[in-house]
Amino acid sequence: MKLNIALLAGDGIGPEVIDQAVKVSNAIAKNFNHEINWTPALTGAAAIDAVGEPYPDETHAICEAADAVLFGAIGHPRFDNDPSAKVRPEQGLLKMRQKLGLFANVRPTFTFPSLIDKSPLKRERIEGTDLIILRELTGGIYFGERGRKDNGDTAFDTCTYTRAEVQRLAKKGFELAMTRSKKLCCVDKANVLESSRLWRETVQAMEKEYPEVEVSYEFVDAVAMRLVQWPNSYDVMITENLFGDILTDEASVISGSMGLMPSASVGEKAKLYEPIHGSYPQAAGKDIANPLATVLSAAMLFEDFKLVEEAQAIRDVVNKSLAKGIVTEDLSEGAKAYKTSEVGDWLAKNV
């Protein structure tokens, strides 16, 4: 198979972890007789510095023309520490999601056998965890009307959803549930929020189309508690933008490190794959960042193109590296810590 992949390294540790995913992907392509054409493009703070725009038109054209996008991370402290900044790296991420129509973020959460005791949660609570959270990406409070009034002393952010936005995300959730254990949980705050009541009634109306799927409805605060008490009671979860943003970060610690979890953002046509962690600017350029989440995001990319053996080969070599202690300093716990590039080299050599 020939794949054309847009490569958006972004900021901070983004370029370093992306380089390792490219090494591993190229090794897989060589072993399985595929061809990958990588097309780099600017985004985030790097794009602001170069052209004054966090998601330039040229980058969008490259992403639109590609079969998929492999994305690193965006963000820089100089923007975080400047509340008056007119242009921010994160605006590029939101713009990219909107322009590419990436309405569903797919975040798996699972455990690694060799790391299960490194989780902050007890082994007996997390063993067997294998869940996926589908987060709506292009609606809700992040995209609603916002502003200030009363001479700037009052601020507001509006959460708005349409039935169509809920339906397309829920459809993905139902379809995913049908490929797994046929359990779907809709996470909302329908006891308080009108937008959540729209979510709940819309999903309820869709249940008859998927009679084999067992659907539950839970309030987001209850889910936040249960995720750390009994995470393996969940399988597929669907939720709105803000709730999903928070819950997926909470779920990421189950594995023991945010540096381990991959994700995908998908639309009707476009597909983007990225680690769930941020740009970690304190580590940028030091060759110490954990590249495994980005490498596993590449595995999700292969799997979505029906290259299941290739995806499994990546997951197998990642598990092997963890078992042998070929890891960066966040996982080494006093043992030898390997550099980001050394981990990437080992993975590429051993796939």
# chains A, B, ... in the order shown; residues from 1 in each chain; ligands from 1
$ select_by_dssp --residues "segment 110-349 of chain A" --states "strand (DSSP E)" --output "PyMOL selection string"
chain A and resi 110+130-136+146-149+154-157+183-188+214-219+236-239+262-266+271-275
$ write_last_selection --atoms "N, CA and C atoms" --output "compact mmCIF listing (two decimals), in the first residue's frame"
# COMPACT_ATOMS: atom_id res chain seq x y z
N PHE A 110 -5.76 1.66 28.16
CA PHE A 110 -5.49 0.27 28.44
C PHE A 110 -4.25 0.19 29.31
N ASP A 130 -9.73 -1.79 29.46
CA ASP A 130 -9.62 -1.63 28.01
C ASP A 130 -10.85 -0.87 27.55
N LEU A 131 -10.77 0.45 27.60
CA LEU A 131 -11.92 1.28 27.26
C LEU A 131 -11.55 2.30 26.21
N ILE A 132 -12.57 2.86 25.55
CA ILE A 132 -12.36 3.91 24.56
C ILE A 132 -13.35 5.03 24.84
N ILE A 133 -12.82 6.24 24.93
CA ILE A 133 -13.67 7.42 25.09
C ILE A 133 -13.74 8.15 23.75
N LEU A 134 -14.96 8.37 23.27
CA LEU A 134 -15.19 9.18 22.07
C LEU A 134 -15.63 10.56 22.52
N ARG A 135 -14.80 11.54 22.24
CA ARG A 135 -15.07 12.93 22.64
C ARG A 135 -15.44 13.76 21.41
N GLU A 136 -16.56 14.47 21.49
CA GLU A 136 -16.96 15.36 20.41
C GLU A 136 -15.96 16.53 20.37
N ARG A 146 -18.53 33.65 23.12
CA ARG A 146 -17.84 34.00 24.35
C ARG A 146 -17.55 35.49 24.38
N GLY A 147 -17.27 36.00 25.54
CA GLY A 147 -16.95 37.42 25.60
C GLY A 147 -16.92 37.95 27.03
N ARG A 148 -16.83 39.28 27.12
CA ARG A 148 -16.82 40.00 28.39
C ARG A 148 -17.89 41.09 28.35
N LYS A 149 -18.38 41.42 29.53
CA LYS A 149 -19.29 42.56 29.67
C LYS A 149 -19.04 43.19 31.03
N THR A 154 -17.27 40.69 33.92
CA THR A 154 -18.06 39.47 33.75
C THR A 154 -17.66 38.80 32.44
N ALA A 155 -17.39 37.49 32.51
CA ALA A 155 -17.01 36.73 31.32
C ALA A 155 -18.02 35.62 31.09
N PHE A 156 -18.23 35.24 29.83
CA PHE A 156 -19.16 34.15 29.53
C PHE A 156 -18.64 33.30 28.38
N ASP A 157 -18.91 32.00 28.47
CA ASP A 157 -18.62 31.03 27.42
C ASP A 157 -19.87 30.18 27.25
N LYS A 183 -21.35 -2.52 24.59
CA LYS A 183 -21.73 -1.68 25.73
C LYS A 183 -21.35 -0.24 25.42
N LEU A 184 -22.30 0.68 25.61
CA LEU A 184 -22.06 2.09 25.32
C LEU A 184 -22.56 2.92 26.50
N CYS A 185 -21.73 3.85 26.96
CA CYS A 185 -22.13 4.76 28.03
C CYS A 185 -22.12 6.19 27.51
N CYS A 186 -23.26 6.86 27.65
CA CYS A 186 -23.38 8.27 27.28
C CYS A 186 -23.16 9.10 28.54
N VAL A 187 -22.12 9.96 28.53
CA VAL A 187 -21.75 10.75 29.70
C VAL A 187 -22.24 12.18 29.51
N ASP A 188 -23.04 12.67 30.47
CA ASP A 188 -23.60 14.01 30.34
C ASP A 188 -23.82 14.64 31.72
N GLU A 214 -26.09 -2.42 24.56
CA GLU A 214 -26.61 -2.05 25.88
C GLU A 214 -26.13 -0.64 26.20
N VAL A 215 -27.06 0.30 26.36
CA VAL A 215 -26.71 1.71 26.55
C VAL A 215 -26.99 2.13 27.99
N SER A 216 -26.04 2.81 28.59
CA SER A 216 -26.23 3.40 29.91
C SER A 216 -26.01 4.90 29.83
N TYR A 217 -26.59 5.63 30.78
CA TYR A 217 -26.47 7.09 30.83
C TYR A 217 -26.00 7.46 32.23
N GLU A 218 -24.87 8.19 32.29
CA GLU A 218 -24.31 8.54 33.59
C GLU A 218 -23.89 10.01 33.60
N PHE A 219 -24.02 10.62 34.78
CA PHE A 219 -23.59 12.00 34.93
C PHE A 219 -22.06 12.06 35.00
N VAL A 236 -17.07 1.43 25.78
CA VAL A 236 -17.10 2.59 24.90
C VAL A 236 -17.92 3.69 25.58
N MET A 237 -17.34 4.88 25.63
CA MET A 237 -18.02 6.03 26.23
C MET A 237 -18.09 7.15 25.21
N ILE A 238 -19.20 7.87 25.19
CA ILE A 238 -19.33 9.04 24.32
C ILE A 238 -19.68 10.25 25.18
N THR A 239 -19.13 11.40 24.81
CA THR A 239 -19.42 12.60 25.59
C THR A 239 -19.08 13.86 24.82
N PRO A 262 -2.06 6.78 23.02
CA PRO A 262 -2.28 7.35 21.69
C PRO A 262 -3.70 7.87 21.54
N SER A 263 -3.95 8.53 20.41
CA SER A 263 -5.33 8.93 20.11
C SER A 263 -5.48 9.17 18.62
N ALA A 264 -6.73 9.25 18.18
CA ALA A 264 -7.05 9.60 16.80
C ALA A 264 -8.18 10.62 16.81
N SER A 265 -8.16 11.51 15.84
CA SER A 265 -9.27 12.44 15.64
C SER A 265 -9.75 12.23 14.21
N VAL A 266 -11.03 11.91 14.07
CA VAL A 266 -11.53 11.51 12.75
C VAL A 266 -12.76 12.32 12.36
N LYS A 271 -8.40 12.06 8.80
CA LYS A 271 -7.98 11.29 9.97
C LYS A 271 -6.67 11.86 10.48
N LEU A 272 -6.60 12.08 11.78
CA LEU A 272 -5.39 12.62 12.40
C LEU A 272 -5.04 11.78 13.61
N TYR A 273 -3.73 11.52 13.79
CA TYR A 273 -3.28 10.65 14.88
C TYR A 273 -2.24 11.40 15.70
N GLU A 274 -2.39 11.34 17.03
CA GLU A 274 -1.51 12.13 17.89
C GLU A 274 -1.43 11.53 19.29
N PRO A 275 -0.30 11.76 20.00
CA PRO A 275 -0.22 11.38 21.40
C PRO A 275 -1.13 12.29 22.22
$ select_by_dssp --residues "segment 176-262 of chain A" --states "helix (DSSP H, G or I)" --output "PyMOL selection string"
chain A and resi 176-178+194-209+220-229+231-233+241-255+258-260
$ closest_atom_pairs --of "segment 226-278 of chain A" --to "segment 138-145 of chain A" --cutoff "8 Å" --atoms "only C-alpha atoms" --output "Markdown table"
| residue | atom | partner | partner_atom | distance |
| --- | --- | --- | --- | --- |
| A:Glu240 | CA | A:Gly140 | CA | 6.8 |
| A:Asn241 | CA | A:Gly140 | CA | 5.8 |
| A:Leu242 | CA | A:Ile141 | CA | 6.9 |
$ write_last_selection --atoms "N, CA, C and O atoms" --output "mmCIF file, in the first residue's frame"
data_model
loop_
_atom_site.group_PDB
_atom_site.id
_atom_site.type_symbol
_atom_site.label_atom_id
_atom_site.label_comp_id
_atom_site.auth_asym_id
_atom_site.auth_seq_id
_atom_site.Cartn_x
_atom_site.Cartn_y
_atom_site.Cartn_z
ATOM 1 N N GLU A 240 -19.483 14.986 25.360
ATOM 2 C CA GLU A 240 -19.263 16.263 24.690
ATOM 3 C C GLU A 240 -17.836 16.759 24.914
ATOM 4 O O GLU A 240 -17.039 16.129 25.611
ATOM 5 N N ASN A 241 -17.509 17.895 24.304
ATOM 6 C CA ASN A 241 -16.138 18.369 24.176
ATOM 7 C C ASN A 241 -15.428 18.608 25.514
ATOM 8 O O ASN A 241 -14.367 18.042 25.783
ATOM 9 N N LEU A 242 -16.009 19.440 26.364
ATOM 10 C CA LEU A 242 -15.361 19.784 27.631
ATOM 11 C C LEU A 242 -15.249 18.588 28.560
ATOM 12 O O LEU A 242 -14.187 18.316 29.130
#
$ residues_around --residues "Leu301 of chain A" --least-positions-apart "2" --cutoff "8 Å" --atoms "only C-alpha atoms" --output "ChimeraX atom specification"
/A:68,264,273,297-299,303-305,311
$ residues_around --residues "segment 32-47 of chain A" --least-positions-apart "6" --cutoff "8 Å" --atoms "only C-alpha atoms" --output "PDB file with N, CA, C and O atoms, in the first residue's frame"
ATOM      1  N   MET A   1       0.844  -1.191   0.000  1.00  0.00           N
ATOM      2  CA  MET A   1       0.000   0.000   0.000  1.00  0.00           C
ATOM      3  C   MET A   1       0.885   1.249   0.000  1.00  0.00           C
ATOM      4  O   MET A   1       1.941   1.265   0.622  1.00  0.00           O
ATOM      5  N   LYS A   2       0.428   2.275  -0.700  1.00  0.00           N
ATOM      6  CA  LYS A   2       1.122   3.552  -0.718  1.00  0.00           C
ATOM      7  C   LYS A   2       0.334   4.543   0.121  1.00  0.00           C
ATOM      8  O   LYS A   2      -0.861   4.755  -0.117  1.00  0.00           O
ATOM      9  N   LEU A   3       0.976   5.141   1.110  1.00  0.00           N
ATOM     10  CA  LEU A   3       0.316   6.091   2.005  1.00  0.00           C
ATOM     11  C   LEU A   3       0.995   7.454   1.902  1.00  0.00           C
ATOM     12  O   LEU A   3       2.228   7.553   1.949  1.00  0.00           O
ATOM     13  N   ASN A   4       0.180   8.494   1.773  1.00  0.00           N
ATOM     14  CA  ASN A   4       0.683   9.865   1.811  1.00  0.00           C
ATOM     15  C   ASN A   4       0.269  10.480   3.143  1.00  0.00           C
ATOM     16  O   ASN A   4      -0.920  10.673   3.403  1.00  0.00           O
ATOM     17  N   ILE A   5       1.255  10.753   3.999  1.00  0.00           N
ATOM     18  CA  ILE A   5       0.979  11.204   5.357  1.00  0.00           C
ATOM     19  C   ILE A   5       1.513  12.614   5.571  1.00  0.00           C
ATOM     20  O   ILE A   5       2.699  12.885   5.327  1.00  0.00           O
ATOM     21  N   ALA A   6       0.642  13.514   6.017  1.00  0.00           N
ATOM     22  CA  ALA A   6       1.072  14.848   6.425  1.00  0.00           C
ATOM     23  C   ALA A   6       1.712  14.737   7.798  1.00  0.00           C
ATOM     24  O   ALA A   6       1.186  14.074   8.694  1.00  0.00           O
ATOM     25  N   LEU A   7       2.843  15.404   7.970  1.00  0.00           N
ATOM     26  CA  LEU A   7       3.630  15.293   9.196  1.00  0.00           C
ATOM     27  C   LEU A   7       3.685  16.654   9.884  1.00  0.00           C
ATOM     28  O   LEU A   7       4.397  17.556   9.444  1.00  0.00           O
ATOM     29  N   LEU A   8       2.917  16.798  10.952  1.00  0.00           N
ATOM     30  CA  LEU A   8       2.846  18.055  11.690  1.00  0.00           C
ATOM     31  C   LEU A   8       3.519  17.868  13.047  1.00  0.00           C
ATOM     32  O   LEU A   8       2.904  17.437  14.023  1.00  0.00           O
ATOM     33  N   ALA A   9       4.798  18.177  13.115  1.00  0.00           N
ATOM     34  CA  ALA A   9       5.565  17.946  14.343  1.00  0.00           C
ATOM     35  C   ALA A   9       5.163  18.908  15.445  1.00  0.00           C
ATOM     36  O   ALA A   9       5.081  18.539  16.611  1.00  0.00           O
ATOM     37  N   GLY A  10       4.930  20.178  15.095  1.00  0.00           N
ATOM     38  CA  GLY A  10       4.475  21.156  16.079  1.00  0.00           C
ATOM     39  C   GLY A  10       5.583  21.699  16.947  1.00  0.00           C
ATOM     40  O   GLY A  10       6.695  21.963  16.479  1.00  0.00           O
ATOM     41  N   ASP A  11       5.311  21.813  18.253  1.00  0.00           N
ATOM     42  CA  ASP A  11       6.181  22.533  19.178  1.00  0.00           C
ATOM     43  C   ASP A  11       6.767  21.621  20.250  1.00  0.00           C
ATOM     44  O   ASP A  11       6.362  20.469  20.401  1.00  0.00           O
ATOM     45  N   ASN A  26       8.548   3.681   9.130  1.00  0.00           N
ATOM     46  CA  ASN A  26       9.347   3.343   7.950  1.00  0.00           C
ATOM     47  C   ASN A  26       9.868   1.908   8.026  1.00  0.00           C
ATOM     48  O   ASN A  26       9.939   1.201   7.001  1.00  0.00           O
ATOM     49  N   GLU A  53       0.660  32.692  11.835  1.00  0.00           N
ATOM     50  CA  GLU A  53      -0.639  32.000  11.852  1.00  0.00           C
ATOM     51  C   GLU A  53      -0.414  30.572  12.343  1.00  0.00           C
ATOM     52  O   GLU A  53       0.451  29.868  11.822  1.00  0.00           O
ATOM     53  N   PRO A  54      -1.178  30.093  13.366  1.00  0.00           N
ATOM     54  CA  PRO A  54      -0.910  28.773  13.938  1.00  0.00           C
ATOM     55  C   PRO A  54      -1.340  27.586  13.071  1.00  0.00           C
ATOM     56  O   PRO A  54      -0.896  26.468  13.307  1.00  0.00           O
ATOM     57  N   TYR A  55      -2.210  27.835  12.097  1.00  0.00           N
ATOM     58  CA  TYR A  55      -2.594  26.762  11.160  1.00  0.00           C
ATOM     59  C   TYR A  55      -2.707  27.395   9.778  1.00  0.00           C
ATOM     60  O   TYR A  55      -3.786  27.756   9.315  1.00  0.00           O
ATOM     61  N   PRO A  56      -1.577  27.555   9.085  1.00  0.00           N
ATOM     62  CA  PRO A  56      -1.559  28.268   7.800  1.00  0.00           C
ATOM     63  C   PRO A  56      -2.351  27.546   6.714  1.00  0.00           C
ATOM     64  O   PRO A  56      -2.557  26.324   6.782  1.00  0.00           O
ATOM     65  N   GLU A  58      -1.362  26.843   3.798  1.00  0.00           N
ATOM     66  CA  GLU A  58      -0.505  25.846   3.139  1.00  0.00           C
ATOM     67  C   GLU A  58      -0.539  24.529   3.910  1.00  0.00           C
ATOM     68  O   GLU A  58      -0.590  23.446   3.313  1.00  0.00           O
ATOM     69  N   THR A  59      -0.531  24.618   5.237  1.00  0.00           N
ATOM     70  CA  THR A  59      -0.607  23.410   6.057  1.00  0.00           C
ATOM     71  C   THR A  59      -1.950  22.713   5.851  1.00  0.00           C
ATOM     72  O   THR A  59      -2.015  21.481   5.730  1.00  0.00           O
ATOM     73  N   ILE A  62      -1.981  20.781   2.633  1.00  0.00           N
ATOM     74  CA  ILE A  62      -1.204  19.536   2.748  1.00  0.00           C
ATOM     75  C   ILE A  62      -2.017  18.475   3.483  1.00  0.00           C
ATOM     76  O   ILE A  62      -2.053  17.306   3.081  1.00  0.00           O
ATOM     77  N   ILE A  74       1.354  20.880  20.293  1.00  0.00           N
ATOM     78  CA  ILE A  74       1.529  22.324  20.154  1.00  0.00           C
ATOM     79  C   ILE A  74       1.442  23.000  21.512  1.00  0.00           C
ATOM     80  O   ILE A  74       0.865  22.476  22.460  1.00  0.00           O
ATOM     81  N   GLY A  75       2.038  24.193  21.588  1.00  0.00           N
ATOM     82  CA  GLY A  75       1.991  24.981  22.811  1.00  0.00           C
ATOM     83  C   GLY A  75       3.367  25.505  23.185  1.00  0.00           C
ATOM     84  O   GLY A  75       4.385  24.840  22.951  1.00  0.00           O
ATOM     85  N   HIS A  76       3.389  26.725  23.760  1.00  0.00           N
ATOM     86  CA  HIS A  76       4.653  27.326  24.188  1.00  0.00           C
ATOM     87  C   HIS A  76       4.391  28.236  25.378  1.00  0.00           C
ATOM     88  O   HIS A  76       3.380  28.965  25.395  1.00  0.00           O
ATOM     89  N   ARG A  88      -2.705  32.411  19.397  1.00  0.00           N
ATOM     90  CA  ARG A  88      -2.169  31.358  20.263  1.00  0.00           C
ATOM     91  C   ARG A  88      -2.021  30.049  19.491  1.00  0.00           C
ATOM     92  O   ARG A  88      -2.799  29.779  18.578  1.00  0.00           O
ATOM     93  N   PRO A  89      -1.059  29.233  19.876  1.00  0.00           N
ATOM     94  CA  PRO A  89      -0.896  27.941  19.193  1.00  0.00           C
ATOM     95  C   PRO A  89      -2.156  27.085  19.224  1.00  0.00           C
ATOM     96  O   PRO A  89      -2.497  26.423  18.234  1.00  0.00           O
ATOM     97  N   GLU A  90      -2.855  27.093  20.371  1.00  0.00           N
ATOM     98  CA  GLU A  90      -4.047  26.258  20.512  1.00  0.00           C
ATOM     99  C   GLU A  90      -5.154  26.639  19.539  1.00  0.00           C
ATOM    100  O   GLU A  90      -5.987  25.802  19.181  1.00  0.00           O
ATOM    101  N   GLY A  92      -4.687  27.202  16.528  1.00  0.00           N
ATOM    102  CA  GLY A  92      -4.393  26.417  15.336  1.00  0.00           C
ATOM    103  C   GLY A  92      -4.975  25.027  15.425  1.00  0.00           C
ATOM    104  O   GLY A  92      -5.476  24.478  14.439  1.00  0.00           O
ATOM    105  N   LEU A  93      -4.928  24.441  16.629  1.00  0.00           N
ATOM    106  CA  LEU A  93      -5.484  23.105  16.815  1.00  0.00           C
ATOM    107  C   LEU A  93      -6.992  23.116  16.616  1.00  0.00           C
ATOM    108  O   LEU A  93      -7.553  22.250  15.929  1.00  0.00           O
ATOM    109  N   GLU A 310       0.419  -5.001  10.758  1.00  0.00           N
ATOM    110  CA  GLU A 310       1.415  -3.946  10.939  1.00  0.00           C
ATOM    111  C   GLU A 310       1.202  -3.220  12.267  1.00  0.00           C
ATOM    112  O   GLU A 310       2.159  -2.952  13.008  1.00  0.00           O
TER     113      GLU A 310
END
$ residues_around --residues "Val213 of chain A" --least-positions-apart "2" --cutoff "6 Å" --atoms "only C-alpha atoms" --output "PyMOL selection string"
chain A and resi 182-183+210-211
$ closest_residue --among "A:Arg163, A:Leu292, A:Asp150, A:Val223" --to "Leu198 of chain A" --atoms "only C-alpha atoms"
A:Arg163
$ residues_around --residues "segment 254-260 of chain A" --least-positions-apart "2" --cutoff "6 Å" --atoms "only C-alpha atoms" --output "JSON, numbers by chain"
{"A": [111, 118, 119, 251, 252, 277, 290, 292, 293]}
$ write_last_selection --atoms "N, CA and C atoms" --output "PDB file, in the first residue's frame"
ATOM      1  N   THR A 111      -3.994  -0.989  29.843  1.00  0.00           N
ATOM      2  CA  THR A 111      -2.827  -1.170  30.703  1.00  0.00           C
ATOM      3  C   THR A 111      -1.779  -2.030  30.006  1.00  0.00           C
ATOM      4  N   LYS A 118       3.058   0.321  38.222  1.00  0.00           N
ATOM      5  CA  LYS A 118       3.528   1.706  38.223  1.00  0.00           C
ATOM      6  C   LYS A 118       2.371   2.698  38.140  1.00  0.00           C
ATOM      7  N   SER A 119       1.171   2.185  37.953  1.00  0.00           N
ATOM      8  CA  SER A 119      -0.001   3.059  37.953  1.00  0.00           C
ATOM      9  C   SER A 119      -0.232   3.592  39.359  1.00  0.00           C
ATOM     10  N   ALA A 251      -8.355   9.559  32.652  1.00  0.00           N
ATOM     11  CA  ALA A 251      -8.185   8.145  32.305  1.00  0.00           C
ATOM     12  C   ALA A 251      -6.750   7.823  31.924  1.00  0.00           C
ATOM     13  N   SER A 252      -6.008   8.804  31.422  1.00  0.00           N
ATOM     14  CA  SER A 252      -4.648   8.534  30.937  1.00  0.00           C
ATOM     15  C   SER A 252      -3.714   8.081  32.043  1.00  0.00           C
ATOM     16  N   HIS A 277      -0.411  13.602  25.103  1.00  0.00           N
ATOM     17  CA  HIS A 277       0.316  14.566  25.933  1.00  0.00           C
ATOM     18  C   HIS A 277       0.508  15.882  25.200  1.00  0.00           C
ATOM     19  N   ASN A 290       9.228  10.757  26.294  1.00  0.00           N
ATOM     20  CA  ASN A 290       8.733   9.417  25.986  1.00  0.00           C
ATOM     21  C   ASN A 290       8.042   9.426  24.616  1.00  0.00           C
ATOM     22  N   LEU A 292       6.584   6.796  23.105  1.00  0.00           N
ATOM     23  CA  LEU A 292       5.740   5.622  22.879  1.00  0.00           C
ATOM     24  C   LEU A 292       4.301   5.973  22.513  1.00  0.00           C
ATOM     25  N   ALA A 293       3.752   7.050  23.092  1.00  0.00           N
ATOM     26  CA  ALA A 293       2.380   7.426  22.733  1.00  0.00           C
ATOM     27  C   ALA A 293       2.284   7.791  21.255  1.00  0.00           C
TER      28      ALA A 293
END
$ atom_distance --atom1 "atom CA of Lys99 of chain A" --atom2 "atom CA of Asp19 of chain A"
25.8 Å
$ residues_around --residues "Glu268 of chain A" --least-positions-apart "6" --cutoff "10 Å" --atoms "only C-alpha atoms" --output "list in words"
Leu100, Gly101, Leu102, Phe103, Ala104 and Arg168 of chain A
